[in-house]
Each structure stands twice: as C-alpha cells, then as structure tokens.
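Source file: coords.cif. Holds: mmCIF, N, CA and C atoms.
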data_target
#
loop_
_atom_site.label_atom_id
_atom_site.label_comp_id
_atom_site.auth_asym_id
_atom_site.auth_seq_id
_atom_site.Cartn_x
_atom_site.Cartn_y
_atom_site.Cartn_z
N MET L 1 0.86 -1.17 0.00
CA MET L 1 0.00 0.00 0.00
C MET L 1 0.91 1.23 0.00
N ASN L 2 0.58 2.17 -0.86
CA ASN L 2 1.42 3.37 -0.92
C ASN L 2 0.99 4.39 0.15
N PRO L 3 1.84 5.38 0.43
CA PRO L 3 1.54 6.35 1.50
C PRO L 3 0.21 7.09 1.31
N LEU L 4 -0.17 7.36 0.07
CA LEU L 4 -1.44 8.05 -0.18
C LEU L 4 -2.62 7.18 0.23
N GLN L 5 -2.54 5.89 -0.04
CA GLN L 5 -3.60 4.96 0.36
C GLN L 5 -3.67 4.83 1.88
N VAL L 6 -2.52 4.76 2.51
CA VAL L 6 -2.49 4.67 3.98
C VAL L 6 -3.13 5.92 4.58
N GLU L 7 -2.81 7.08 4.05
CA GLU L 7 -3.39 8.33 4.55
C GLU L 7 -4.90 8.36 4.32
N TYR L 8 -5.35 7.84 3.20
CA TYR L 8 -6.78 7.77 2.92
C TYR L 8 -7.48 6.96 4.02
N PHE L 9 -6.93 5.80 4.35
CA PHE L 9 -7.56 4.96 5.37
C PHE L 9 -7.45 5.60 6.75
N ARG L 10 -6.35 6.27 7.02
CA ARG L 10 -6.20 6.96 8.31
C ARG L 10 -7.29 8.02 8.47
N GLN L 11 -7.49 8.82 7.43
CA GLN L 11 -8.52 9.86 7.48
C GLN L 11 -9.92 9.25 7.60
N ARG L 12 -10.15 8.19 6.89
CA ARG L 12 -11.45 7.51 6.94
C ARG L 12 -11.73 6.98 8.34
N LEU L 13 -10.72 6.37 8.95
CA LEU L 13 -10.88 5.86 10.30
C LEU L 13 -11.11 6.99 11.30
N LEU L 14 -10.39 8.08 11.14
CA LEU L 14 -10.56 9.23 12.05
C LEU L 14 -11.97 9.83 11.93
N ARG L 15 -12.47 9.94 10.69
CA ARG L 15 -13.84 10.46 10.51
C ARG L 15 -14.87 9.53 11.13
N TRP L 16 -14.68 8.23 10.92
CA TRP L 16 -15.60 7.23 11.47
C TRP L 16 -15.62 7.30 12.99
N ARG L 17 -14.43 7.43 13.57
CA ARG L 17 -14.30 7.51 15.03
C ARG L 17 -15.01 8.77 15.56
N ALA L 18 -14.78 9.90 14.90
CA ALA L 18 -15.40 11.16 15.33
C ALA L 18 -16.92 11.08 15.25
N GLU L 19 -17.43 10.44 14.20
CA GLU L 19 -18.88 10.27 14.04
C GLU L 19 -19.46 9.43 15.18
N LEU L 20 -18.78 8.34 15.51
CA LEU L 20 -19.25 7.47 16.61
C LEU L 20 -19.23 8.22 17.94
N LEU L 21 -18.20 9.03 18.16
CA LEU L 21 -18.11 9.79 19.41
C LEU L 21 -19.21 10.86 19.48
N ARG L 22 -19.54 11.49 18.35
CA ARG L 22 -20.64 12.47 18.32
C ARG L 22 -21.96 11.79 18.68
N GLU L 23 -22.18 10.62 18.11
CA GLU L 23 -23.40 9.87 18.41
C GLU L 23 -23.47 9.49 19.88
N ALA L 24 -22.33 9.10 20.44
CA ALA L 24 -22.28 8.73 21.86
C ALA L 24 -22.60 9.94 22.74
N ASP L 25 -22.10 11.11 22.36
CA ASP L 25 -22.39 12.32 23.12
C ASP L 25 -23.89 12.62 23.10
N GLY L 26 -24.52 12.40 21.96
CA GLY L 26 -25.97 12.60 21.85
C GLY L 26 -26.73 11.65 22.75
N THR L 27 -26.26 10.41 22.81
CA THR L 27 -26.91 9.42 23.67
C THR L 27 -26.77 9.82 25.13
N LEU L 28 -25.57 10.25 25.51
CA LEU L 28 -25.37 10.67 26.90
C LEU L 28 -26.27 11.84 27.26
N ALA L 29 -26.40 12.78 26.34
CA ALA L 29 -27.24 13.94 26.60
C ALA L 29 -28.70 13.52 26.78
N SER L 30 -29.18 12.62 25.92
CA SER L 30 -30.58 12.21 26.03
C SER L 30 -30.82 11.36 27.28
N LEU L 31 -29.84 10.55 27.67
CA LEU L 31 -30.01 9.73 28.87
C LEU L 31 -29.92 10.55 30.15
N SER L 32 -29.16 11.64 30.11
CA SER L 32 -28.99 12.45 31.32
C SER L 32 -30.13 13.46 31.50
N GLU L 33 -31.09 13.46 30.60
CA GLU L 33 -32.22 14.39 30.72
C GLU L 33 -33.10 14.06 31.92
N GLY L 34 -32.90 12.94 32.50
CA GLY L 34 -33.69 12.62 33.68
C GLY L 34 -34.42 11.31 33.53
N GLY L 35 -35.26 11.05 34.50
CA GLY L 35 -36.01 9.81 34.54
C GLY L 35 -37.14 9.78 33.53
N ILE L 36 -37.81 8.69 33.54
CA ILE L 36 -38.95 8.49 32.65
C ILE L 36 -40.15 9.19 33.28
N ARG L 37 -40.76 10.09 32.53
CA ARG L 37 -41.88 10.87 33.05
C ARG L 37 -43.22 10.48 32.42
N GLU L 38 -43.24 9.38 31.72
CA GLU L 38 -44.48 8.96 31.05
C GLU L 38 -45.46 8.44 32.09
N PRO L 39 -46.67 8.99 32.10
CA PRO L 39 -47.66 8.53 33.08
C PRO L 39 -48.24 7.15 32.75
N ASP L 40 -48.30 6.82 31.47
CA ASP L 40 -48.88 5.54 31.05
C ASP L 40 -47.82 4.45 31.14
N ILE L 41 -48.18 3.32 31.72
CA ILE L 41 -47.23 2.23 31.91
C ILE L 41 -46.70 1.68 30.58
N THR L 42 -47.55 1.66 29.57
CA THR L 42 -47.12 1.18 28.25
C THR L 42 -46.11 2.13 27.63
N ASP L 43 -46.36 3.42 27.78
CA ASP L 43 -45.40 4.42 27.27
C ASP L 43 -44.07 4.32 28.01
N ARG L 44 -44.14 4.10 29.31
CA ARG L 44 -42.90 3.94 30.09
C ARG L 44 -42.12 2.73 29.62
N ALA L 45 -42.84 1.63 29.36
CA ALA L 45 -42.16 0.42 28.89
C ALA L 45 -41.51 0.66 27.54
N THR L 46 -42.17 1.40 26.67
CA THR L 46 -41.61 1.72 25.36
C THR L 46 -40.35 2.56 25.50
N VAL L 47 -40.41 3.56 26.36
CA VAL L 47 -39.23 4.43 26.59
C VAL L 47 -38.08 3.60 27.16
N GLU L 48 -38.40 2.72 28.10
CA GLU L 48 -37.37 1.89 28.72
C GLU L 48 -36.75 0.94 27.69
N THR L 49 -37.56 0.38 26.81
CA THR L 49 -37.06 -0.50 25.75
C THR L 49 -36.17 0.27 24.79
N ASP L 50 -36.59 1.47 24.43
CA ASP L 50 -35.79 2.32 23.54
C ASP L 50 -34.43 2.65 24.17
N ARG L 51 -34.44 2.94 25.46
CA ARG L 51 -33.18 3.24 26.15
C ARG L 51 -32.26 2.02 26.18
N ALA L 52 -32.83 0.86 26.45
CA ALA L 52 -32.01 -0.36 26.50
C ALA L 52 -31.39 -0.63 25.13
N LEU L 53 -32.17 -0.44 24.08
CA LEU L 53 -31.65 -0.62 22.72
C LEU L 53 -30.54 0.38 22.43
N GLU L 54 -30.74 1.61 22.82
CA GLU L 54 -29.72 2.64 22.60
C GLU L 54 -28.43 2.32 23.36
N LEU L 55 -28.57 1.81 24.58
CA LEU L 55 -27.38 1.44 25.36
C LEU L 55 -26.64 0.27 24.71
N ARG L 56 -27.35 -0.69 24.17
CA ARG L 56 -26.70 -1.81 23.47
C ARG L 56 -25.98 -1.30 22.22
N THR L 57 -26.62 -0.39 21.53
CA THR L 57 -26.00 0.20 20.34
C THR L 57 -24.73 0.96 20.72
N ARG L 58 -24.79 1.71 21.79
CA ARG L 58 -23.60 2.46 22.25
C ARG L 58 -22.49 1.52 22.68
N ASP L 59 -22.85 0.39 23.28
CA ASP L 59 -21.83 -0.58 23.69
C ASP L 59 -21.12 -1.14 22.46
N ARG L 60 -21.89 -1.44 21.40
CA ARG L 60 -21.27 -1.90 20.16
C ARG L 60 -20.38 -0.81 19.57
N ALA L 61 -20.83 0.43 19.64
CA ALA L 61 -20.03 1.55 19.12
C ALA L 61 -18.74 1.69 19.92
N ARG L 62 -18.82 1.50 21.23
CA ARG L 62 -17.62 1.59 22.08
C ARG L 62 -16.59 0.54 21.66
N LYS L 63 -17.06 -0.67 21.39
CA LYS L 63 -16.16 -1.73 20.95
C LYS L 63 -15.59 -1.41 19.57
N LEU L 64 -16.40 -0.82 18.71
CA LEU L 64 -15.95 -0.45 17.38
C LEU L 64 -14.89 0.65 17.47
N ILE L 65 -15.07 1.60 18.37
CA ILE L 65 -14.08 2.66 18.55
C ILE L 65 -12.74 2.05 18.98
N ALA L 66 -12.78 1.05 19.84
CA ALA L 66 -11.54 0.38 20.26
C ALA L 66 -10.86 -0.28 19.06
N LYS L 67 -11.64 -0.90 18.16
CA LYS L 67 -11.06 -1.51 16.96
C LYS L 67 -10.50 -0.46 16.02
N ILE L 68 -11.17 0.68 15.93
CA ILE L 68 -10.66 1.78 15.11
C ILE L 68 -9.34 2.28 15.68
N ASP L 69 -9.27 2.43 17.00
CA ASP L 69 -8.03 2.86 17.64
C ASP L 69 -6.89 1.87 17.37
N GLN L 70 -7.21 0.58 17.39
CA GLN L 70 -6.20 -0.44 17.08
C GLN L 70 -5.72 -0.31 15.63
N ALA L 71 -6.66 -0.05 14.72
CA ALA L 71 -6.29 0.11 13.32
C ALA L 71 -5.41 1.34 13.14
N LEU L 72 -5.73 2.42 13.83
CA LEU L 72 -4.90 3.63 13.76
C LEU L 72 -3.50 3.36 14.32
N ALA L 73 -3.43 2.56 15.37
CA ALA L 73 -2.11 2.19 15.92
C ALA L 73 -1.33 1.36 14.92
N ARG L 74 -2.01 0.47 14.18
CA ARG L 74 -1.33 -0.31 13.15
C ARG L 74 -0.82 0.58 12.03
N ILE L 75 -1.58 1.63 11.72
CA ILE L 75 -1.09 2.58 10.71
C ILE L 75 0.19 3.23 11.20
N GLU L 76 0.21 3.63 12.47
CA GLU L 76 1.39 4.30 13.04
C GLU L 76 2.61 3.38 13.06
N ASN L 77 2.40 2.10 13.34
CA ASN L 77 3.57 1.20 13.42
C ASN L 77 3.87 0.48 12.11
N GLY L 78 3.09 0.80 11.06
CA GLY L 78 3.40 0.26 9.74
C GLY L 78 2.88 -1.12 9.45
N THR L 79 1.98 -1.64 10.28
CA THR L 79 1.45 -2.99 10.04
C THR L 79 0.03 -2.97 9.49
N TYR L 80 -0.54 -1.79 9.28
CA TYR L 80 -1.90 -1.70 8.77
C TYR L 80 -1.96 -2.26 7.35
N GLY L 81 -3.01 -3.02 7.09
CA GLY L 81 -3.19 -3.56 5.74
C GLY L 81 -2.53 -4.91 5.53
N PHE L 82 -1.96 -5.47 6.59
CA PHE L 82 -1.34 -6.79 6.50
C PHE L 82 -2.08 -7.75 7.42
N CYS L 83 -2.30 -8.95 6.93
CA CYS L 83 -3.01 -9.99 7.66
C CYS L 83 -2.22 -10.37 8.92
N GLU L 84 -2.90 -10.39 10.06
CA GLU L 84 -2.24 -10.77 11.31
C GLU L 84 -1.87 -12.24 11.33
N GLU L 85 -2.55 -13.04 10.55
CA GLU L 85 -2.30 -14.47 10.55
C GLU L 85 -1.21 -14.87 9.57
N THR L 86 -1.27 -14.33 8.36
CA THR L 86 -0.34 -14.76 7.31
C THR L 86 0.76 -13.75 7.00
N GLY L 87 0.55 -12.50 7.37
CA GLY L 87 1.51 -11.45 7.05
C GLY L 87 1.37 -10.93 5.62
N GLU L 88 0.45 -11.52 4.87
CA GLU L 88 0.21 -11.09 3.49
C GLU L 88 -0.63 -9.81 3.48
N PRO L 89 -0.52 -9.01 2.42
CA PRO L 89 -1.36 -7.80 2.33
C PRO L 89 -2.85 -8.14 2.28
N ILE L 90 -3.64 -7.33 2.95
CA ILE L 90 -5.09 -7.44 2.88
C ILE L 90 -5.51 -6.63 1.66
N GLY L 91 -6.39 -7.17 0.85
CA GLY L 91 -6.81 -6.48 -0.36
C GLY L 91 -7.46 -5.13 -0.09
N LEU L 92 -7.24 -4.19 -1.00
CA LEU L 92 -7.81 -2.85 -0.84
C LEU L 92 -9.34 -2.88 -0.83
N LYS L 93 -9.93 -3.78 -1.61
CA LYS L 93 -11.40 -3.87 -1.61
C LYS L 93 -11.91 -4.29 -0.24
N ARG L 94 -11.20 -5.22 0.40
CA ARG L 94 -11.60 -5.65 1.75
C ARG L 94 -11.44 -4.50 2.74
N LEU L 95 -10.34 -3.78 2.65
CA LEU L 95 -10.13 -2.65 3.56
C LEU L 95 -11.15 -1.54 3.31
N GLU L 96 -11.52 -1.37 2.05
CA GLU L 96 -12.54 -0.36 1.74
C GLU L 96 -13.87 -0.75 2.38
N ALA L 97 -14.21 -2.03 2.32
CA ALA L 97 -15.45 -2.52 2.91
C ALA L 97 -15.39 -2.56 4.43
N ARG L 98 -14.22 -2.89 4.97
CA ARG L 98 -14.04 -3.03 6.42
C ARG L 98 -12.65 -2.51 6.80
N PRO L 99 -12.54 -1.20 7.01
CA PRO L 99 -11.22 -0.60 7.28
C PRO L 99 -10.53 -1.10 8.54
N ILE L 100 -11.27 -1.78 9.42
CA ILE L 100 -10.66 -2.29 10.65
C ILE L 100 -10.24 -3.75 10.51
N ALA L 101 -10.33 -4.29 9.30
CA ALA L 101 -10.00 -5.70 9.08
C ALA L 101 -8.56 -6.00 9.50
N THR L 102 -8.39 -7.15 10.15
CA THR L 102 -7.05 -7.59 10.55
C THR L 102 -6.63 -8.87 9.84
N LEU L 103 -7.60 -9.47 9.13
CA LEU L 103 -7.32 -10.72 8.43
C LEU L 103 -7.66 -10.56 6.95
N SER L 104 -6.91 -11.25 6.10
CA SER L 104 -7.26 -11.30 4.68
C SER L 104 -8.55 -12.08 4.53
N ILE L 105 -9.16 -12.00 3.38
CA ILE L 105 -10.41 -12.74 3.15
C ILE L 105 -10.19 -14.23 3.37
N GLU L 106 -9.10 -14.76 2.84
CA GLU L 106 -8.82 -16.19 2.97
C GLU L 106 -8.66 -16.59 4.43
N ALA L 107 -7.90 -15.81 5.18
CA ALA L 107 -7.69 -16.12 6.59
C ALA L 107 -8.99 -15.99 7.37
N GLN L 108 -9.80 -14.99 7.06
CA GLN L 108 -11.09 -14.81 7.73
C GLN L 108 -12.01 -16.00 7.44
N GLU L 109 -12.04 -16.44 6.18
CA GLU L 109 -12.87 -17.60 5.83
C GLU L 109 -12.41 -18.85 6.57
N ARG L 110 -11.09 -19.05 6.67
CA ARG L 110 -10.55 -20.19 7.42
C ARG L 110 -10.99 -20.11 8.89
N HIS L 111 -10.87 -18.92 9.43
CA HIS L 111 -11.24 -18.68 10.83
C HIS L 111 -12.72 -18.99 11.05
N GLU L 112 -13.57 -18.54 10.14
CA GLU L 112 -15.01 -18.79 10.27
C GLU L 112 -15.34 -20.27 10.10
N ARG L 113 -14.63 -20.96 9.21
CA ARG L 113 -14.85 -22.41 9.05
C ARG L 113 -14.49 -23.14 10.34
N MET L 114 -13.38 -22.76 10.94
CA MET L 114 -12.96 -23.39 12.19
C MET L 114 -13.98 -23.13 13.30
N GLU L 115 -14.53 -21.92 13.35
CA GLU L 115 -15.55 -21.62 14.35
C GLU L 115 -16.78 -22.50 14.16
N ARG L 116 -17.19 -22.70 12.90
CA ARG L 116 -18.36 -23.55 12.63
C ARG L 116 -18.08 -24.99 13.03
N VAL L 117 -16.89 -25.48 12.75
CA VAL L 117 -16.54 -26.86 13.09
C VAL L 117 -16.57 -27.03 14.61
N HIS L 118 -15.99 -26.10 15.35
CA HIS L 118 -15.94 -26.24 16.79
C HIS L 118 -17.28 -25.95 17.45
N ARG L 119 -18.10 -25.11 16.82
CA ARG L 119 -19.41 -24.80 17.36
C ARG L 119 -20.34 -26.00 17.26
N ASP L 120 -20.18 -26.78 16.20
CA ASP L 120 -21.04 -27.95 16.00
C ASP L 120 -20.75 -29.06 16.99
N ASP L 121 -19.62 -29.02 17.67
CA ASP L 121 -19.28 -30.08 18.62
C ASP L 121 -20.15 -30.06 19.84
#
Full structure transcribed into structure tokens:
Amino acid sequence: MNPLQVEYFRQRLLRWRAELLREADGTLASLSEGGIREPDITDRATVETDRALELRTRDRARKLIAKIDQALARIENGTYGFCEETGEPIGLKRLEARPIATLSIEAQERHERMERVHRDD
C-alpha cells in the first residue's frame, strides 16, 4: 500500500471515530435528561425498551471505537493492511469494505470455518 492509500484509510478511520463519538455524546445527553416521566405504563415500557436498545448500540459503538483505535495504531507502526495471521497484504477492496479488518479474506474464511466446526461439537 502506498503512502497516499495509507493516509486515505487513516482519514477515513478518524472520521468514522469522530462520528461514533458524536453519536455517543448525543446518547449521553438524552439519557442524562432525567427519569422516565411517562404517566402511562405502556409508554414507560416503550421508553425503557428504547433506552435499552440505545445502550446496546452504544456498547457496540464503544467496541468499534476500540477496533478503530487499534487500526490507527497499526497505521502508526506500519502494520496496517497486513493480515495478522499470514503477514500477506489485505486487499484494498476488503479494507474499503471493512477498514478495521485484521485478516485477509482467505484467513477470515478459514477462521469462520474453524468456528463452525468447533461450534457444532
């Protein structure tokens, strides 16, 4: 991967991270507005369900931010875009689809096959 491509992915990861953090700030603001004030029990249950869903979404975003940070660290140390398992370059199309990828398509498929084999036991 040439330096221009590496910079493209670095910028893309930084934008993605900033977007996730903005969304998290919005969630915090809405959750800190106070308790549930709905007088109807059904409305309260709906609000509570919505909050639980939002918290699960934020938890997934938090984990994604950690993966983005790891990808940025790999950019800094020069290992970004290389498969952790084989050391071979990860294809640009795969990185475009999943910029946080750590495995090549072949290694990921092998990994998923092994998971299916062990899960069936």
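Proximity of L:Glu7, L:Arg17, L:Ile41, L:His111 to Ile68 of chain L, computed with only N, CA and C atoms, is greatest for L:Arg17.
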If you run DSSP on this backbone, which residues of segment 31-107 of chain L come out as helix (DSSP H, G or I), and could you give them as a PyMOL selection string? chain L and resi 31+41-77+92-97+105-107
Distance query Cys83 of chain L at most 6.5 Å, only N, CA and C atoms, self and fewer than 4 positions along chain excluded, as a PyMOL selection string: chain L and resi 87-90+102-104
Based on the selection just made, write N, CA and C atoms of those residues as a short mmCIF file (atom, residue, chain, number, x, y, z; two decimals), in the coordinates of the input.
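Once everything was written out, this is result.cif:
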data_model
loop_
_atom_site.label_atom_id
_atom_site.label_comp_id
_atom_site.auth_asym_id
_atom_site.auth_seq_id
_atom_site.Cartn_x
_atom_site.Cartn_y
_atom_site.Cartn_z
N GLY L 87 0.55 -12.50 7.37
CA GLY L 87 1.51 -11.45 7.05
C GLY L 87 1.37 -10.93 5.62
N GLU L 88 0.45 -11.52 4.87
CA GLU L 88 0.21 -11.09 3.49
C GLU L 88 -0.63 -9.81 3.48
N PRO L 89 -0.52 -9.01 2.42
CA PRO L 89 -1.36 -7.80 2.33
C PRO L 89 -2.85 -8.14 2.28
N ILE L 90 -3.64 -7.33 2.95
CA ILE L 90 -5.09 -7.44 2.88
C ILE L 90 -5.51 -6.63 1.66
N THR L 102 -8.39 -7.15 10.15
CA THR L 102 -7.05 -7.59 10.55
C THR L 102 -6.63 -8.87 9.84
N LEU L 103 -7.60 -9.47 9.13
CA LEU L 103 -7.32 -10.72 8.43
C LEU L 103 -7.66 -10.56 6.95
N SER L 104 -6.91 -11.25 6.10
CA SER L 104 -7.26 -11.30 4.68
C SER L 104 -8.55 -12.08 4.53
#
Between L:Gln108, L:Leu4, L:Ile65, L:Leu95, smallest distance to Trp16 of chain L by all atoms listed in the file belongs to L:Ile65
If I wrap all listed atoms of segment 107-110 of chain L in a box with edges along x, y and z and add 8 Å on each side, what are its centre and edge lengths in Å to one decimal, as lines of an AutoDock Vina configuration file?
center_x = -10.3
center_y = -17.5
center_z = 7.0
size_x = 21.2
size_y = 21.4
size_z = 19.7
Could you check how far atom CA of Arg119 of chain L sits from atom CA of Ile105 of chain L, in Å to one decimal? 20.7 Å
Suppose you want the space between atom N of Leu13 of chain L and atom C of Arg56 of chain L; what is it in Å? 21.6 Å
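Proximity to Glu96 of chain L was assessed for L:Asp50, L:Glu115, L:Arg44, L:Gly81 counting only C-alpha atoms; the smallest distance is recorded for L:Gly81.
Closest approach to Ile75 of chain L among L:Arg60, L:Val6, L:Ala101, L:Glu106: L:Val6, based on all atoms listed in the file.
Considering the residues L:Phe9, L:His118, L:Gly78, L:Glu54 and counting only C-alpha atoms, Arg98 of chain L has its shortest atom-to-atom contact with L:Phe9.
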What gap, in Å, lies between atom C of Glu76 of chain L and atom N of Ala97 of chain L? 20.7 Å
With distances taken over all atoms listed in the file, which residue among L:Leu20, L:Met114, L:Leu72, L:Ala45 lies nearest Ile100 of chain L? L:Leu72
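Residues in contact with Leu55 of chain L at 12 Å, where only C-alpha atoms are counted and same-chain residues fewer than 3 positions away are skipped, are listed as L:Glu23, L:Ala24, L:Gly26, L:Thr27, L:Leu28, L:Ser30, L:Leu31, L:Glu48, L:Thr49, L:Asp50, L:Arg51, L:Ala52, L:Arg58, L:Asp59, L:Arg60, L:Ala61, L:Arg62.
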